[in-house]
$ cat query.txt   # compact mmCIF, C-alpha atoms and all ligand atoms
# COMPACT_ATOMS: atom_id res chain seq x y z
CA MET A 6 221.51 102.37 341.97
CA ALA A 7 217.99 102.53 343.38
CA VAL A 8 218.17 102.86 347.13
CA ASP A 9 215.62 100.89 349.13
CA TYR A 10 215.04 103.42 351.87
CA SER A 11 212.38 101.41 353.65
CA ALA A 12 214.75 98.44 353.94
CA LEU A 13 217.40 100.76 355.34
CA LYS A 14 214.91 102.26 357.75
CA ALA A 15 213.88 98.78 358.90
CA GLY A 16 217.56 98.21 359.65
CA GLY A 17 217.85 101.36 361.74
CA PHE A 18 219.32 103.70 359.11
CA MET A 19 217.53 107.06 359.16
CA ARG A 20 217.93 109.13 356.01
CA GLN A 21 219.52 112.48 356.82
CA MET A 22 218.84 115.86 355.25
CA GLN A 23 222.33 115.56 353.78
CA LYS A 24 222.32 113.48 350.61
CA ASN A 25 223.50 109.85 350.96
CA HIS A 26 224.01 110.16 354.69
CA PHE A 27 222.26 108.16 357.36
CA SER A 28 222.01 108.32 361.10
CA LEU A 29 222.29 104.75 362.32
CA ARG A 30 220.07 103.87 365.22
CA LEU A 31 221.40 101.13 367.53
CA ARG A 32 219.58 98.49 369.49
CA CYS A 33 219.76 99.53 373.13
CA VAL A 34 217.55 97.73 375.63
CA GLY A 35 216.62 99.63 378.74
CA GLY A 36 219.27 102.27 378.12
CA THR A 37 221.99 99.80 378.98
CA VAL A 38 225.14 99.51 376.86
CA THR A 39 228.26 97.62 377.92
CA ALA A 40 231.65 99.32 378.01
CA GLU A 41 232.80 96.94 375.27
CA GLN A 42 229.87 97.94 373.05
CA LEU A 43 230.64 101.59 373.75
CA ALA A 44 234.22 101.10 372.58
CA THR A 45 232.95 99.58 369.33
CA ILE A 46 230.46 102.41 368.86
CA THR A 47 233.25 104.94 369.45
CA GLU A 48 235.39 103.24 366.82
CA VAL A 49 232.61 103.23 364.24
CA ALA A 50 231.66 106.86 364.94
CA ASN A 51 235.29 107.90 364.45
CA LYS A 52 235.91 105.77 361.37
CA TYR A 53 232.64 106.20 359.46
CA GLY A 54 230.77 109.03 361.12
CA HIS A 55 231.72 112.45 362.42
CA GLY A 56 233.21 111.29 365.68
CA TYR A 57 230.13 111.75 367.85
CA ILE A 58 226.90 110.00 368.76
CA HIS A 59 223.44 111.31 369.51
CA LEU A 60 221.40 110.14 372.52
CA THR A 61 217.76 109.84 371.49
CA SER A 62 214.83 110.78 373.68
CA ARG A 63 214.09 107.09 374.31
CA GLN A 64 217.45 105.89 375.63
CA GLY A 65 218.78 105.03 372.21
CA ILE A 66 222.10 105.77 370.55
CA GLU A 67 222.41 106.99 366.97
CA ILE A 68 225.61 107.34 364.96
CA PRO A 69 225.00 110.22 362.52
CA PHE A 70 226.71 110.82 359.17
CA ILE A 71 227.16 107.24 358.01
CA GLN A 72 227.57 107.23 354.23
CA LEU A 73 225.50 105.00 351.99
CA LYS A 74 228.61 103.30 350.57
CA ASP A 75 229.81 102.30 354.07
CA ILE A 76 226.62 100.73 355.34
CA ASP A 77 227.70 97.11 354.99
CA ALA A 78 231.12 97.76 356.48
CA VAL A 79 229.53 99.61 359.41
CA LYS A 80 227.13 96.76 360.11
CA ALA A 81 229.99 94.24 360.01
CA ASP A 82 232.21 96.29 362.33
CA LEU A 83 229.37 96.78 364.80
CA ALA A 84 228.43 93.10 364.74
CA LYS A 85 232.02 92.16 365.65
CA GLY A 86 231.73 94.26 368.80
CA GLY A 87 228.32 92.86 369.76
CA VAL A 88 226.33 95.90 368.64
CA GLN A 89 223.13 95.49 366.64
CA PRO A 90 221.31 98.12 364.59
CA GLY A 91 217.96 99.27 365.92
CA VAL A 92 214.77 99.70 363.95
CA CYS A 93 212.67 102.59 362.70
CA GLY A 94 209.38 102.59 360.84
CA PRO A 95 206.19 100.67 361.69
CA ARG A 96 207.62 98.26 364.22
CA VAL A 97 208.11 97.53 367.88
CA ARG A 98 210.77 100.02 368.97
CA THR A 99 213.44 100.18 371.63
CA VAL A 100 212.10 98.98 374.97
CA THR A 101 213.06 101.54 377.59
CA ALA A 102 213.67 100.92 381.30
CA CYS A 103 214.88 102.65 384.46
CA GLN A 104 217.39 101.15 386.89
CA GLY A 105 214.75 99.96 389.34
CA GLY A 106 215.74 96.64 390.86
CA VAL A 107 219.29 96.98 389.57
CA CYS A 108 220.57 100.08 391.40
CA CYS A 109 217.65 102.20 392.50
CA PRO A 110 216.44 101.52 396.06
CA SER A 111 212.89 102.56 395.14
CA GLY A 112 212.50 99.84 392.52
CA CYS A 113 209.66 97.37 393.00
CA ILE A 114 210.54 95.29 389.93
CA ASP A 115 213.69 94.57 387.96
CA ALA A 116 212.76 96.96 385.16
CA LEU A 117 215.71 96.06 382.94
CA GLU A 118 214.94 92.36 383.15
CA VAL A 119 211.31 93.01 382.18
CA ALA A 120 212.49 95.23 379.31
CA ARG A 121 214.80 92.47 378.06
CA THR A 122 211.98 89.95 378.17
CA LEU A 123 209.68 92.28 376.20
CA ASP A 124 212.48 93.11 373.75
CA ALA A 125 213.24 89.42 373.12
CA ARG A 126 209.56 88.76 372.50
CA TYR A 127 208.60 91.70 370.30
CA PHE A 128 211.57 93.79 369.12
CA GLY A 129 211.28 94.71 365.44
CA ARG A 130 207.89 93.04 364.99
CA ARG A 131 206.19 94.53 361.93
CA LEU A 132 202.93 96.32 362.77
CA PRO A 133 200.61 98.93 361.18
CA HIS A 134 202.61 101.68 362.92
CA LYS A 135 205.32 102.13 365.51
CA PHE A 136 204.69 100.58 368.93
CA LYS A 137 206.57 101.51 372.08
CA PHE A 138 207.13 99.68 375.35
CA GLY A 139 208.52 101.35 378.46
CA VAL A 140 209.19 99.87 381.89
CA THR A 141 209.52 101.93 385.06
CA GLY A 142 210.41 100.50 388.46
CA CYS A 143 207.96 102.29 390.73
CA GLN A 144 205.42 105.09 391.19
CA ASN A 145 208.16 107.73 390.92
CA ASN A 146 207.85 106.93 387.23
CA CYS A 147 211.27 108.17 386.15
CA LEU A 148 210.77 106.25 382.94
CA LYS A 149 207.36 107.83 382.23
CA ALA A 150 205.46 104.60 381.58
CA GLU A 151 202.30 106.31 380.35
CA GLU A 152 203.99 107.90 377.35
CA ASN A 153 204.27 104.47 375.75
CA ASP A 154 201.77 102.43 373.73
CA PHE A 155 202.28 99.79 376.41
CA GLY A 156 203.65 101.05 379.70
CA VAL A 157 204.69 98.91 382.66
CA LYS A 158 205.12 100.27 386.17
CA GLY A 159 206.42 98.19 389.07
CA GLY A 160 204.50 97.97 392.30
CA LEU A 161 204.46 96.13 395.60
CA ILE A 162 201.24 94.74 397.02
CA PRO A 163 201.69 95.17 400.78
CA GLU A 164 200.73 92.46 403.30
CA TYR A 165 200.81 93.16 407.03
CA ASP A 166 202.15 90.77 409.65
CA GLU A 167 200.79 91.93 413.00
CA ASP A 168 203.10 89.68 415.05
CA ALA A 169 206.24 91.28 413.64
CA CYS A 170 205.07 94.90 414.05
CA ILE A 171 206.71 96.98 416.78
CA GLN A 172 204.19 99.84 416.47
CA CYS A 173 206.80 102.36 415.45
CA GLY A 174 204.34 104.31 413.36
CA LEU A 175 206.60 104.81 410.37
CA CYS A 176 204.43 103.15 407.74
CA GLU A 177 201.55 105.51 408.42
CA LYS A 178 203.95 108.44 407.98
CA VAL A 179 205.59 107.27 404.77
CA CYS A 180 202.38 106.35 402.95
CA ARG A 181 201.74 109.32 400.69
CA SER A 182 198.32 107.95 399.72
CA LYS A 183 197.16 107.92 403.34
CA ALA A 184 196.15 104.28 402.91
CA ILE A 185 197.55 103.21 406.29
CA ALA A 186 195.94 104.22 409.55
CA ILE A 187 197.06 103.45 413.09
CA GLU A 188 194.39 103.71 415.72
CA ASP A 189 194.82 102.51 419.30
CA GLY A 190 197.79 100.43 418.19
CA LYS A 191 195.80 98.74 415.44
CA ILE A 192 197.05 99.07 411.89
CA SER A 193 194.64 99.05 409.00
CA ILE A 194 195.06 99.51 405.28
CA ASP A 195 192.54 101.00 402.88
CA ARG A 196 193.24 99.03 399.70
CA SER A 197 191.25 101.45 397.56
CA LYS A 198 193.79 104.18 398.35
CA CYS A 199 196.95 102.08 397.95
CA ASN A 200 198.89 102.75 394.75
CA TYR A 201 201.47 99.98 395.39
CA CYS A 202 204.37 102.42 395.80
CA GLY A 203 206.05 100.04 398.24
CA ARG A 204 207.19 102.75 400.63
CA CYS A 205 205.65 101.00 403.65
CA VAL A 206 207.44 97.76 402.76
CA LYS A 207 210.75 99.48 402.24
CA SER A 208 210.53 101.61 405.37
CA CYS A 209 209.28 99.17 407.98
CA PRO A 210 212.24 98.48 410.28
CA VAL A 211 211.13 94.94 411.09
CA ASP A 212 209.71 93.93 407.71
CA ALA A 213 206.20 93.65 409.11
CA TRP A 214 205.03 94.79 405.68
CA GLN A 215 205.87 92.27 403.00
CA GLY A 216 205.41 93.23 399.37
CA LYS A 217 204.39 90.99 396.53
CA THR A 218 205.73 92.16 393.17
CA GLY A 219 203.18 93.50 390.72
CA TYR A 220 202.93 95.22 387.35
CA ILE A 221 200.66 98.18 386.61
CA VAL A 222 200.01 98.41 382.89
CA SER A 223 198.86 101.37 380.79
CA PHE A 224 197.68 101.35 377.19
CA GLY A 225 197.63 103.78 374.29
CA GLY A 226 200.11 106.40 375.45
CA THR A 227 201.87 108.51 372.85
CA PHE A 228 204.01 111.61 372.72
CA GLY A 229 204.97 113.67 369.72
CA ASN A 230 202.34 115.29 367.51
CA ALA A 231 199.31 114.41 369.58
CA ILE A 232 200.17 113.75 373.20
CA GLN A 233 198.07 111.26 375.08
CA LYS A 234 198.66 109.64 378.45
CA GLY A 235 198.31 105.86 378.60
CA THR A 236 195.26 104.52 380.44
CA GLU A 237 195.16 101.77 383.05
CA LEU A 238 192.49 99.20 382.20
CA LEU A 239 193.31 96.39 384.60
CA PRO A 240 194.00 95.75 388.28
CA ILE A 241 197.65 95.25 389.21
CA ILE A 242 199.10 92.13 387.52
CA GLU A 243 200.76 89.71 389.91
CA ASP A 244 203.04 87.59 387.71
CA GLU A 245 205.14 87.94 384.59
CA GLU A 246 203.25 85.24 382.71
CA THR A 247 200.03 87.25 382.96
CA LEU A 248 201.92 90.41 382.01
CA LEU A 249 203.10 88.76 378.81
CA ARG A 250 199.62 87.39 378.05
CA VAL A 251 198.22 90.91 378.40
CA ALA A 252 201.02 92.34 376.23
CA ASP A 253 200.32 89.70 373.56
CA ALA A 254 196.64 90.59 373.63
CA ALA A 255 197.33 94.32 373.29
CA ILE A 256 199.82 94.00 370.46
CA ASP A 257 197.64 91.50 368.57
CA PHE A 258 194.69 93.85 368.98
CA PHE A 259 196.74 96.67 367.50
CA ASP A 260 197.95 94.45 364.65
CA GLN A 261 194.42 93.35 363.76
CA ASN A 262 192.58 96.63 364.20
CA ALA A 263 194.89 99.51 363.35
CA ASN A 264 194.94 101.18 359.96
CA ALA A 265 198.33 101.64 358.37
CA GLY A 266 200.04 104.66 359.94
CA GLU A 267 197.68 104.84 362.90
CA ARG A 268 199.00 104.86 366.45
CA PHE A 269 197.45 102.67 369.15
CA ALA A 270 195.65 105.62 370.82
CA LYS A 271 193.96 106.58 367.56
CA THR A 272 192.92 102.99 366.87
CA LEU A 273 191.39 102.75 370.31
CA GLU A 274 189.52 106.01 369.81
CA ARG A 275 188.15 104.76 366.48
CA VAL A 276 187.22 101.14 367.32
CA GLY A 277 186.50 101.66 371.00
CA TRP A 278 188.47 101.23 374.22
CA ASP A 279 185.87 98.74 375.43
CA LYS A 280 186.93 96.31 372.67
CA LEU A 281 190.51 96.31 373.97
CA GLN A 282 189.24 96.14 377.54
CA GLU A 283 187.43 92.87 376.73
CA LYS A 284 190.55 91.33 375.17
CA VAL A 285 192.95 92.31 377.93
CA GLU A 286 190.52 91.19 380.62
CA VAL A 287 190.37 87.75 379.05
CA ALA A 288 194.19 87.69 378.95
CA TYR A 289 194.35 88.93 382.56
CA HIS A 290 192.16 86.10 383.79
CA GLY A 291 194.10 83.57 381.73
CA MET B 24 212.23 107.68 425.89
CA ALA B 25 212.88 105.96 429.17
CA ASP B 26 212.83 102.58 427.44
CA PHE B 27 216.04 103.31 425.59
CA ASN B 28 219.55 103.88 426.82
CA ILE B 29 220.44 106.67 424.44
CA THR B 30 224.16 107.00 423.73
CA ASP B 31 223.99 110.15 421.65
CA SER B 32 221.54 112.37 419.81
CA VAL B 33 221.61 114.43 416.66
CA ASP B 34 219.32 117.18 415.41
CA ILE B 35 218.73 117.14 411.67
CA THR B 36 215.85 119.61 411.63
CA ASP B 37 218.25 122.40 410.61
CA VAL B 38 219.16 120.83 407.26
CA VAL B 39 217.27 119.62 404.19
CA CYS B 40 217.48 116.48 402.09
CA PRO B 41 219.93 115.05 401.15
CA VAL B 42 222.03 116.53 403.95
CA THR B 43 219.53 115.20 406.52
CA PHE B 44 220.63 111.65 405.84
CA VAL B 45 224.29 112.61 405.56
CA LYS B 46 224.19 114.27 408.98
CA ALA B 47 222.50 111.25 410.53
CA LYS B 48 224.99 108.92 408.87
CA VAL B 49 227.97 110.89 410.19
CA ALA B 50 226.51 110.78 413.71
CA LEU B 51 226.06 107.00 413.41
CA GLU B 52 229.61 106.55 412.19
CA GLU B 53 230.96 108.06 415.38
CA LEU B 54 229.20 105.42 417.48
CA GLU B 55 230.09 101.83 418.35
CA ASP B 56 228.15 98.74 417.42
CA GLY B 57 225.10 98.48 419.67
CA ASP B 58 225.06 102.17 420.64
CA ILE B 59 221.74 103.97 420.40
CA LEU B 60 221.26 107.22 418.55
CA SER B 61 218.26 109.50 418.84
CA ILE B 62 217.67 111.50 415.67
CA HIS B 63 215.53 114.62 415.87
CA LEU B 64 213.86 115.14 412.49
CA ASN B 65 211.10 117.01 410.76
CA ASP B 66 207.80 115.81 409.35
CA GLY B 67 207.53 115.49 405.56
CA GLU B 68 210.43 114.37 403.40
CA PRO B 69 212.82 113.71 406.31
CA VAL B 70 210.51 111.31 408.15
CA GLN B 71 209.57 109.68 404.84
CA ASN B 72 213.10 109.09 403.61
CA VAL B 73 215.68 109.13 406.40
CA PRO B 74 214.44 106.06 408.35
CA ARG B 75 214.36 104.04 405.17
CA SER B 76 217.89 105.03 404.19
CA ILE B 77 219.07 104.09 407.68
CA LYS B 78 217.37 100.72 407.36
CA GLU B 79 219.05 100.20 403.99
CA GLU B 80 222.42 100.91 405.64
CA GLY B 81 221.73 97.95 407.91
CA HIS B 82 220.99 99.72 411.21
CA LYS B 83 218.11 98.79 413.45
CA ILE B 84 215.26 101.23 413.98
CA LEU B 85 213.74 100.76 417.41
CA LYS B 86 211.10 103.43 417.60
CA LEU B 87 209.70 106.57 416.06
CA LEU B 88 208.45 109.00 418.66
CA ASP B 89 205.96 111.64 417.52
CA ASN B 90 206.60 114.86 419.41
CA ALA B 91 203.28 116.25 418.11
CA ASP B 92 204.99 119.50 417.10
CA GLY B 93 205.92 118.57 413.55
CA THR B 94 209.07 116.79 414.69
CA TYR B 95 209.98 113.22 415.56
CA ASP B 96 212.68 111.37 417.41
CA LEU B 97 213.89 108.29 415.62
CA ILE B 98 215.64 105.82 417.89
CA VAL B 99 218.26 103.77 416.06
CA ARG B 100 220.62 101.05 417.22
CA LYS B 101 223.88 101.07 415.32
CA VAL B 102 224.74 97.79 413.63
CA GLY B 103 228.39 97.24 412.62
CA ASP B 104 231.50 99.32 413.16
C1 LIG A 301 219.00 110.41 401.25
C2 LIG A 301 219.23 111.10 400.18
C3 LIG A 301 218.17 111.53 399.19
C4 LIG A 301 216.84 111.30 399.21
C5 LIG A 301 216.04 110.58 400.24
C6 LIG A 301 216.31 111.91 398.01
C7 LIG A 301 214.98 111.88 397.68
C8 LIG A 301 214.49 112.39 396.53
C9 LIG A 301 213.12 112.29 396.14
C10 LIG A 301 212.04 111.56 396.87
C11 LIG A 301 213.02 112.93 394.94
C12 LIG A 301 211.74 113.12 394.18
C13 LIG A 301 211.53 112.01 393.22
C14 LIG A 301 210.22 112.16 392.57
O1 LIG A 301 209.21 112.29 393.27
O2 LIG A 301 210.18 112.14 391.33
C15 LIG A 301 214.30 113.46 394.60
C16 LIG A 301 214.58 114.19 393.47
C17 LIG A 301 215.81 114.72 393.20
N1 LIG A 301 216.96 114.57 393.95
FE1 LIG A 301 217.13 113.60 395.65
N2 LIG A 301 217.31 112.46 397.30
C18 LIG A 301 218.49 112.26 397.98
C19 LIG A 301 219.73 112.64 397.64
C20 LIG A 301 220.01 113.45 396.57
C21 LIG A 301 221.32 113.94 396.23
C22 LIG A 301 222.59 113.58 396.99
C23 LIG A 301 221.20 114.74 395.15
C24 LIG A 301 222.22 115.53 394.39
C25 LIG A 301 223.22 116.15 395.00
C26 LIG A 301 219.80 114.73 394.80
C27 LIG A 301 219.26 115.40 393.73
C28 LIG A 301 217.96 115.28 393.32
C29 LIG A 301 217.45 115.89 392.11
C30 LIG A 301 218.23 116.73 391.13
C31 LIG A 301 216.10 115.52 392.04
C32 LIG A 301 215.15 115.89 390.95
C33 LIG A 301 214.43 117.11 391.28
C34 LIG A 301 213.40 117.42 390.23
O3 LIG A 301 212.96 116.52 389.53
O4 LIG A 301 213.04 118.59 390.12
N3 LIG A 301 219.11 113.96 395.68
N4 LIG A 301 215.18 113.13 395.58
S1 LIG A 302 211.00 104.82 388.55
FE1 LIG A 302 211.37 104.22 390.66
S2 LIG A 302 212.72 102.46 390.47
FE2 LIG A 302 212.83 103.54 388.53
S3 LIG A 302 214.58 104.91 388.75
FE3 LIG A 302 212.72 106.05 389.30
S4 LIG A 302 212.63 105.87 391.51
FE4 LIG A 302 214.01 104.26 390.80
S1 LIG A 303 202.28 100.49 399.08
FE1 LIG A 303 202.45 102.73 399.18
S2 LIG A 303 200.35 103.44 398.93
FE2 LIG A 303 200.21 101.27 399.43
S3 LIG A 303 200.01 101.24 401.66
FE3 LIG A 303 202.19 101.04 401.23
S4 LIG A 303 202.97 103.13 401.32
FE4 LIG A 303 200.74 103.28 401.12
S1 LIG A 304 206.50 100.49 409.98
FE1 LIG A 304 206.40 98.32 410.44
S2 LIG A 304 206.83 98.16 412.62
FE2 LIG A 304 206.36 100.30 412.20
S3 LIG A 304 204.17 100.47 412.63
FE3 LIG A 304 204.37 100.06 410.44
S4 LIG A 304 204.24 97.83 410.30
FE4 LIG A 304 204.62 98.30 412.41

$ encode --input "query.txt" --output "structure tokens" --more "lines below"
Ligand code: HEM
Ligand code: SF4
Ligand code: SF4
Ligand code: SF4
Amino acid sequence: MAVDYSALKAGGFMRQMQKNHFSLRLRCVGGTVTAEQLATITEVANKYGHGYIHLTSRQGIEIPFIQLKDIDAVKADLAKGGVQPGVCGPRVRTVTACQGGVCCPSGCIDALEVARTLDARYFGRRLPHKFKFGVTGCQNNCLKAEENDFGVKGGLIPEYDEDACIQCGLCEKVCRSKAIAIEDGKISIDRSKCNYCGRCVKSCPVDAWQGKTGYIVSFGGTFGNAIQKGTELLPIIEDEETLLRVADAAIDFFDQNANAGERFAKTLERVGWDKLQEKVEVAYHG
Amino acid sequence: MADFNITDSVDITDVVCPVTFVKAKVALEELEDGDILSIHLNDGEPVQNVPRSIKEEGHKILKLLDNADGTYDLIVRKVGD
């Protein structure tokens, strides 16, 4: 029987060094797996694998040592428990996310919700090479947004309400960018210094700082063989619709311009960052 | 500090995060609703994080006094039992 390895790879089965064995990658969005799914995964790992799973570097789960002959049975068992295979190869990969907005008090956006939206829109889309999305809730960047082809970082755009302010002085203290100054009881903000961390909003005891949700996007990040940090090309994005327009523009640009087997960063180096800049600016302005 | 009728005070300059917040929280727990606690804390991480955690717990921050010696006094009104 001729084995179609690329079809298996597209379905999340990674060929192992051991003959006829595959490590099955699962679809995990934002590193979140329900207890019910975990029970199913446990069952499959015990029945068809070697009784363990591997956690990948991008919040994924793999079940190693699945035999070629069991692949259909494994897929069926997983499907019954609401678990889908992931993808490998030249496609949009697992969308990663931190717990910002769900549990973490520092979160400026609901990172998991954004990851789910991106996953629903792009997961598995065939492209010239792999393409990674990552969503982090705030400037602390626990999810390392810039290591992705398309990174999203949550921010809050602070607005000051003078009438509510009790002059406690906290916001000036908590701003690590030194964007806030209090002089003779007057509060001012230097917008060029503000990185939208949201600390002023979250610290102000009387909510005199209100924050509008925003998304800071970076392009062309990649880790692995040739590490490159993603680059910000746009001002902070203020609504999800615009975020998705910008994401569409970036992924279409990659699809149309990349050579087979070329990562986004390399494409941008070859055809020019300014070309992408033009496209995403158009998308940004609607 | 004359503006506030301080019920109790706690010094958290002798501990580091995360015990800073824990110490302040314990001091608040011993008070009654409406009581006022003065928290003596250091510049840096403590002043950046402790007031925010106290706000998130639902208490009311009334004032941050800068002692101009690298320490502050945070005046908090306890909310709830
Ligand atoms: C009020 C309580 C706490 C506050 C305000 C706090 C604050 C922070 C902050 C701001 C960071 C740095 C994040 C960054 O810049 O990437 C951090 C890191 C960390 N915190 Fe806390 N934390 C608290 C409680 C705790 C507790 C209870 C533990 C564990 C017992 C803990 C363990 C850590 C660890 C392991 C790191 C990572 C250090 C590293 O990356 O080298 N923290 N914390
Ligand atoms: S990136 Fe921010 S929101 Fe996300 S887990 Fe880290 S601190 Fe929390
Ligand atoms: S959002 Fe962050 S950087 Fe901007 S003013 Fe507030 S504390 Fe400073
Ligand atoms: S933290 Fe809030 S109340 Fe205190 S000085 Fe800043 S804006 Fe005013």

$ interface_residues --input "query.txt" --of "chain B" --to "chain A" --cutoff "12 Å" --atoms "only C-alpha atoms" --output "ChimeraX atom specification"
/B:65-89,93-100

$ closest_residue --input "query.txt" --among "B:Lys101, B:Ile59, B:Val33, B:Asn28" --to "Ala47 in chain B" --atoms "all atoms listed in the file"
B:Val33

$ closest_residue --input "query.txt" --among "A:Ala169, A:Val222, A:Cys143, A:Leu248" --to "ligand LIG 301 (chain A)" --atoms "only C-alpha atoms and all ligand atoms"
A:Cys143

$ closest_residue --input "query.txt" --among "A:Ser111, A:Ala120, A:Ser223, A:Trp278" --to "Tyr201 in chain A" --atoms "all atoms listed in the file"
A:Ser111

$ residues_near_ligand --input "query.txt" --ligand "ligand LIG 302 (chain A)" --cutoff "6 Å" --atoms "all atoms listed in the file" --output "PyMOL selection string"
chain A and resi 103-105+109+111-112+141-143+145-148

$ write_last_selection --input "query.txt" --atoms "C-alpha atoms" --output "short mmCIF file (atom, residue, chain, number, x, y, z; two decimals), in the frame of the given file"
data_model
loop_
_atom_site.label_atom_id
_atom_site.label_comp_id
_atom_site.auth_asym_id
_atom_site.auth_seq_id
_atom_site.Cartn_x
_atom_site.Cartn_y
_atom_site.Cartn_z
CA CYS A 103 214.88 102.65 384.46
CA GLN A 104 217.39 101.15 386.89
CA GLY A 105 214.75 99.96 389.34
CA CYS A 109 217.65 102.20 392.50
CA SER A 111 212.89 102.56 395.14
CA GLY A 112 212.50 99.84 392.52
CA THR A 141 209.52 101.93 385.06
CA GLY A 142 210.41 100.50 388.46
CA CYS A 143 207.96 102.29 390.73
CA ASN A 145 208.16 107.73 390.92
CA ASN A 146 207.85 106.93 387.23
CA CYS A 147 211.27 108.17 386.15
CA LEU A 148 210.77 106.25 382.94
#

$ closest_residue --input "query.txt" --among "A:Arg98, A:Arg196, A:Lys14, A:His59" --to "Asn153 in chain A" --atoms "all atoms listed in the file"
A:Arg98

$ closest_residue --input "query.txt" --among "A:Tyr127, A:Phe224, A:Phe70, A:Tyr289" --to "Ala50 in chain A" --atoms "all atoms listed in the file"
A:Phe70

$ atom_distance --input "query.txt" --atom1 "atom C23 of ligand LIG 301 (chain A)" --atom2 "CA of Pro41 in chain B"
6.1 Å

$ residues_around --input "query.txt" --residues "Asn25 in chain A" --least-positions-apart "5" --cutoff "8 Å" --atoms "all atoms listed in the file" --output "ChimeraX atom specification"
/A:20,72-73

$ closest_residue --input "query.txt" --among "A:Gly129, A:Gly219, A:Gly190, A:Gly35" --to "ligand LIG 303 (chain A)" --atoms "only C-alpha atoms and all ligand atoms"
A:Gly219

$ atom_distance --input "query.txt" --atom1 "CA of Gly156 in chain A" --atom2 "CA of Leu123 in chain A"
11.2 Å

$ atom_distance --input "query.txt" --atom1 "CA of Ile185 in chain A" --atom2 "CA of Asp168 in chain A"
17.0 Å

$ axis_aligned_box --input "query.txt" --around "ligand LIG 301 (chain A)" --padding-each-side "4 Å" --output "AutoDock Vina command-line options"
--center_x 216.2 --center_y 114.5 --center_z 395.4 --size_x 22.0 --size_y 16.2 --size_z 19.7

$ residues_around --input "query.txt" --residues "Asn200 in chain A" --least-positions-apart "6" --cutoff "10 Å" --atoms "only C-alpha atoms" --output "PyMOL selection string"
chain A and resi 143-144+160-162+180-182+184+221+241
